[in-house]
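> I'd like to ask you about the structure that follows.
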Amino acid sequence: MPRLRDRHVRWALTPIAIGALAWPVAITAMIAVRSSTALAQVGLLAFVLDPEWAPSRSRWLISQLAATTVVSSLAAIGLAAPVSLGLALHLRWFAGPIPAGGVRLVLGVLAGVPSVVYGLVALTVWVPLVRAVQPPGLSLLAASITLAIMITPTLALGADAALQGVEAGPVRAAAALGLGPVDTTRAVLLPLAAPGLRVAVVVAITRALGETMALLMVAGNAVSWPSSPFVPVRTLTGGIAVEMAYATGVHRSALFVCGLLLLLLVSLLALGGRR
Amino acid sequence: MWGAMILSWLLACNSTSTEPLVLAGSSTIRPVVEVIAEAFEAQHPELRIEVQGGGSGVGVASIRSGLAQVGMVSRSLAPDETELQTHTIAYDGIALIVHRDNPTEGTTRPEVVAIYTGELRSWPHGGAITGVNKEEGRSTRELFARHFGLEGRFRSDLVVIGPNGQAIATVAADPAAIAYVSIGSALGAVADGVEVKLLSLDGIEPTVGAVASGRYPLSRELNLVTTSEPSGAAADFIAFVRSPEGQRLVAAENFVPIADAAAP
């Protein structure tokens, strides 16, 4: 028989848990309802078959925005993953406990820096660099670099946690067999840490997919296919942020379809990333 | 005790805050209205005025939804907006701007069309052109596109920006860029030392005088817009903007006062 106090706590916490469950359902339902106008009047096919995304002329190629979102996020992961894994491996094998603690602290701070700050840095550093190679500089490449820098701290901390979560036994056994850090990492550490690493990547991609402000500042926001690193592009989130201000009617509803699509992408990732 | 504190706080709020007069819309009109609002508030300390941007489209949407009492729209009303009332406060033009280091001094209608459709991709002095376009829902874009017959023909890789200030900043940062902005905003930026310059269009310099006389080919009216006959603070403010004192501030911001404009 649980004590009275414990029962009270349970009564107090249960509604919160139910709320946590109901909240995402409510959000999804709300976005779905708002999307329905566009889904009914425009239809799913138009979102992938129209010639372009140009709401003022009733052209609704959402896949153009979605492709940019996916490509920029994947490029960012491609850039950030080797650096992050390298950082985590260095912390695991070579950094002493005090420097490692310092690095983790700094990564934690960097992971919390507001994205608009990364956007400002990108506008003054990365965009001119890209422009020097090929104008206009505001481009898919600048956006991907910005995203990569934003997600590296999160990804490195996630990878570090995944490596630390590996049981000591197999690693000691590898050491007892005379394996050095390189062989132990390849044969023991990475395979055992793989599920944790996958979660870290999923968390990082999720952040990249949803990022809005920094991309608005550096991506150039032209509605075009991500056909070259140097073209200005518009993401799903950028489209919502820019166009929601003046969109009405079907256009407004189509932006909710963009939101629904983002929700779908993130949910699929979350399911795929489960341990 | 808490109850008493909350109650006194609520009462305090109630006694000091009057509903602010909210204006929203065009980024062309916003700076001049902010200056005029400051002067108006100085004369009417009991009133508060909030000025928000977003573009003319936002202005129309905000008064329709009741988020703002007065919309700022830097064009005449569209056929589906005729139920609204306009109160013209000034005239302005749209100028093409480039970086100050760009040797180009002027452009022509066929050149502008060629640049924005993608037929002309490099400067006569060399280097690729960075074309800057405005976001849809901005009246500067609608007027520019209509004047040059560009809607639906814009090349797809133009950098897209929002308010006038962003266009000016983008051009100031990129010596190869060209953009189109409000003449009043551009002249203000040049006066502030921003590294941009205005191009003549078909041989006519974009000056306040050329807009006033109607010689400059690409001009427009700046309007305050309401859903019905304005009353109270909104009516007072609109009258103040159109008064000699408000119009002096309009001229100081490089726009054409209503009295100076040749019959448009």
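Letters A, B, ... go to the chains of the structure tokens in the order shown; residues in each chain start at 1; ligands are counted from 1 in the same order.
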If we count only C-alpha atoms, which residues of chain A reach to within 10 Å of chain B? Please list them as a PyMOL selection string.
chain A and resi 52+54-57+123-124+128+131+134-139+216-217+219-225+230-234+242-248
> Show me, as a ChimeraX atom specification, the residues that have an atom within 9 Å of Thr28 of chain A when counting only C-alpha atoms, minus same-chain residues fewer than 4 positions from it.
/A:23-24,32-33,260,263
> Step one, run DSSP on the backbone; step two, keep only residues of segment 46-248 of chain B assigned to alpha helix (DSSP H); then write them as a PyMOL selection string.
chain B and resi 56-65+109-117+139-148+164-173+183-191+208-213+232-242+244-248
> Hey, can you check how far atom CA of Ile145 of chain A sits from atom CA of Gly210 of chain A?
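We find that atom CA of Ile145 of chain A and atom CA of Gly210 of chain A lie 15.5 Å from each other.
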> Give me the residues within 10 Å of Gln164 of chain A as a PDB file with C-alpha atoms, in the first residue's frame, counting only C-alpha atoms and dropping any in the same chain fewer than 4 places off.

ATOM      1  CA  ALA A  88      34.280  12.424 -29.193  1.00  0.00           C
ATOM      2  CA  LEU A  91      37.822  12.944 -25.578  1.00  0.00           C
ATOM      3  CA  ARG A  92      37.472   9.184 -25.055  1.00  0.00           C
ATOM      4  CA  GLY A 158      25.737  12.943 -28.275  1.00  0.00           C
ATOM      5  CA  ALA A 159      28.616  10.902 -29.693  1.00  0.00           C
ATOM      6  CA  ASP A 160      30.614  11.440 -26.506  1.00  0.00           C
ATOM      7  CA  ALA A 168      33.765  -1.228 -19.593  1.00  0.00           C
ATOM      8  CA  LEU A 189      33.797   0.634 -29.222  1.00  0.00           C
ATOM      9  CA  ALA A 193      28.126   2.505 -29.381  1.00  0.00           C
ATOM     10  CA  GLY A 196      23.723   5.658 -29.249  1.00  0.00           C
TER      11      GLY A 196
END
> For Ser63 of chain A, please output as number ranges by chain all residues within 8 Å (counting only C-alpha atoms; exclusion window: fewer than 2 positions along the same chain).
A: 47-48, 61, 65-67
> If you count only C-alpha atoms, which residues fall within 10 Å of Thr212 of chain A, apart from same-chain ones fewer than 2 positions away, as a list in words?
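Listing them by chain and then by number gives Ser115, Val116, Gly119, Arg207, Ala208, Leu209, Gly210, Ala214, Leu215, Leu216, Met217, Thr235, Leu236, Thr237, Gly238, Gly239, Ile240, Ala241 and Val242 of chain A.
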> Between atom CA of Ser231 of chain B and atom CA of Glu50 of chain B, measure the distance and give it in Å to one decimal.
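These two atoms are separated by 17.0 Å.
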> Using only C-alpha atoms, find the one residue out of B:Val256, B:Ala212, B:Ala262, B:Ile168 that sits nearest to Gly193 of chain B.
B:Ile168
> Counting only C-alpha atoms, figure out which residue out of A:Ser228, A:Thr69, A:Ser36, A:Thr184 gets nearest to Ala254 of chain A.
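Closest to Ala254 of chain A of all the choices is A:Ser36.
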> Excluding same-chain residues fewer than 5 positions from Leu222 of chain B, what lies within 12 Å of it counting only C-alpha atoms, as number ranges by chain?
B: 25-30, 32-33, 56, 71-77, 86-94, 139-140, 182, 184, 241-242, 250, 255-258
> Next, dump the selected residues to file, keeping only N, CA and C atoms, as a CSV table (one decimal), in the first residue's frame.

chain,number,residue,atom,x,y,z
B,25,GLY,N,2.4,47.3,-41.7
B,25,GLY,CA,2.5,47.1,-43.2
B,25,GLY,C,3.8,47.5,-43.8
B,26,SER,N,3.7,48.3,-44.9
B,26,SER,CA,4.9,48.6,-45.7
B,26,SER,C,6.1,49.0,-45.0
B,27,SER,N,7.3,48.4,-45.4
B,27,SER,CA,8.5,48.8,-44.9
B,27,SER,C,9.0,50.1,-45.5
B,28,THR,N,8.4,50.5,-46.6
B,28,THR,CA,8.8,51.8,-47.1
B,28,THR,C,8.2,52.9,-46.3
B,29,ILE,N,6.9,52.7,-45.8
B,29,ILE,CA,6.3,53.8,-45.1
B,29,ILE,C,6.7,53.8,-43.6
B,30,ARG,N,7.0,52.6,-43.1
B,30,ARG,CA,7.3,52.4,-41.7
B,30,ARG,C,8.2,53.5,-41.1
B,32,VAL,N,9.1,56.6,-41.9
B,32,VAL,CA,8.5,57.9,-41.9
B,32,VAL,C,7.4,58.0,-40.9
B,33,VAL,N,6.6,57.0,-40.8
B,33,VAL,CA,5.4,57.0,-39.9
B,33,VAL,C,6.0,56.9,-38.4
B,56,SER,N,3.2,45.7,-47.4
B,56,SER,CA,1.9,46.2,-47.7
B,56,SER,C,0.8,45.1,-47.5
B,71,GLY,N,-3.5,50.4,-41.7
B,71,GLY,CA,-2.6,49.7,-42.5
B,71,GLY,C,-1.7,50.7,-43.3
B,72,MET,N,-0.4,50.3,-43.5
B,72,MET,CA,0.4,51.1,-44.4
B,72,MET,C,0.6,50.4,-45.7
B,73,VAL,N,0.2,51.0,-46.8
B,73,VAL,CA,0.2,50.3,-48.1
B,73,VAL,C,0.9,51.2,-49.1
B,74,SER,N,2.1,50.8,-49.6
B,74,SER,CA,2.8,51.7,-50.5
B,74,SER,C,2.4,51.5,-52.0
B,75,ARG,N,1.1,51.5,-52.3
B,75,ARG,CA,0.6,51.4,-53.6
B,75,ARG,C,-0.8,51.8,-53.6
B,76,SER,N,-1.5,51.9,-54.7
B,76,SER,CA,-2.9,52.1,-54.7
B,76,SER,C,-3.6,50.7,-54.5
B,77,LEU,N,-4.9,50.7,-54.1
B,77,LEU,CA,-5.5,49.5,-53.7
B,77,LEU,C,-5.7,48.6,-54.9
B,86,THR,N,-8.5,54.7,-48.4
B,86,THR,CA,-7.1,55.1,-48.4
B,86,THR,C,-7.0,56.6,-48.1
B,87,HIS,N,-5.9,56.9,-47.4
B,87,HIS,CA,-5.6,58.2,-47.1
B,87,HIS,C,-4.1,58.5,-47.5
B,88,THR,N,-4.0,59.0,-48.7
B,88,THR,CA,-2.6,59.2,-49.2
B,88,THR,C,-1.8,60.2,-48.4
B,89,ILE,N,-0.6,59.8,-48.1
B,89,ILE,CA,0.2,60.7,-47.2
B,89,ILE,C,1.5,61.2,-47.9
B,90,ALA,N,1.8,60.6,-49.1
B,90,ALA,CA,3.1,61.0,-49.8
B,90,ALA,C,3.2,60.2,-51.1
B,91,TYR,N,4.2,60.7,-51.9
B,91,TYR,CA,4.5,59.9,-53.1
B,91,TYR,C,6.0,59.5,-53.1
B,92,ASP,N,6.3,58.4,-53.7
B,92,ASP,CA,7.6,57.8,-53.7
B,92,ASP,C,7.8,57.2,-55.0
B,93,GLY,N,9.1,56.9,-55.3
B,93,GLY,CA,9.4,56.1,-56.6
B,93,GLY,C,10.2,54.9,-56.2
B,94,ILE,N,10.4,54.0,-57.2
B,94,ILE,CA,11.2,52.8,-57.0
B,94,ILE,C,12.5,53.0,-57.9
B,139,SER,N,4.7,45.5,-51.9
B,139,SER,CA,4.1,46.2,-53.0
B,139,SER,C,5.2,46.8,-53.9
B,140,THR,N,6.4,47.0,-53.4
B,140,THR,CA,7.5,47.4,-54.2
B,140,THR,C,7.8,46.4,-55.3
B,182,SER,N,12.6,51.5,-52.5
B,182,SER,CA,12.0,52.8,-52.4
B,182,SER,C,13.0,53.9,-52.6
B,184,GLY,N,12.9,57.0,-51.5
B,184,GLY,CA,13.1,57.7,-50.2
B,184,GLY,C,14.0,56.9,-49.3
B,241,VAL,N,-0.6,63.4,-39.9
B,241,VAL,CA,0.3,63.0,-41.0
B,241,VAL,C,0.1,63.9,-42.2
B,242,ARG,N,-1.1,64.2,-42.5
B,242,ARG,CA,-1.4,65.0,-43.7
B,242,ARG,C,-1.3,66.5,-43.4
B,250,VAL,N,7.6,64.2,-43.7
B,250,VAL,CA,7.5,63.4,-45.0
B,250,VAL,C,8.7,63.8,-45.9
B,255,PHE,N,10.6,61.7,-49.1
B,255,PHE,CA,9.4,61.4,-49.9
B,255,PHE,C,8.8,62.7,-50.4
B,256,VAL,N,7.8,62.6,-51.4
B,256,VAL,CA,7.2,63.8,-51.9
B,256,VAL,C,5.9,64.1,-51.2
B,257,PRO,N,5.9,65.3,-50.5
B,257,PRO,CA,4.6,65.6,-49.8
B,257,PRO,C,3.4,65.7,-50.8
B,258,ILE,N,2.2,65.4,-50.3
B,258,ILE,CA,1.1,65.4,-51.2
B,258,ILE,C,0.9,66.7,-52.0
> Need to verify the contact set: Val109 of chain A, 10 Å, only C-alpha atoms, exclusion of same-chain residues closer than 5 positions in sequence. Can you return it as a list in words?
Val103, Arg104 and Pro153 of chain A
> Find the distance between atom CA of Ala122 of chain A and atom CA of Thr146 of chain A and write it in Å to one decimal.
6.1 Å
> Step one, run DSSP on the backbone; step two, keep only residues of segment 3-246 of chain A assigned to strand (DSSP E); then write them as a list in words.
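Taking segment 3-246 of chain A and keeping strand (DSSP E) gives Trp53, Ala54, Arg59 and Trp60 of chain A.
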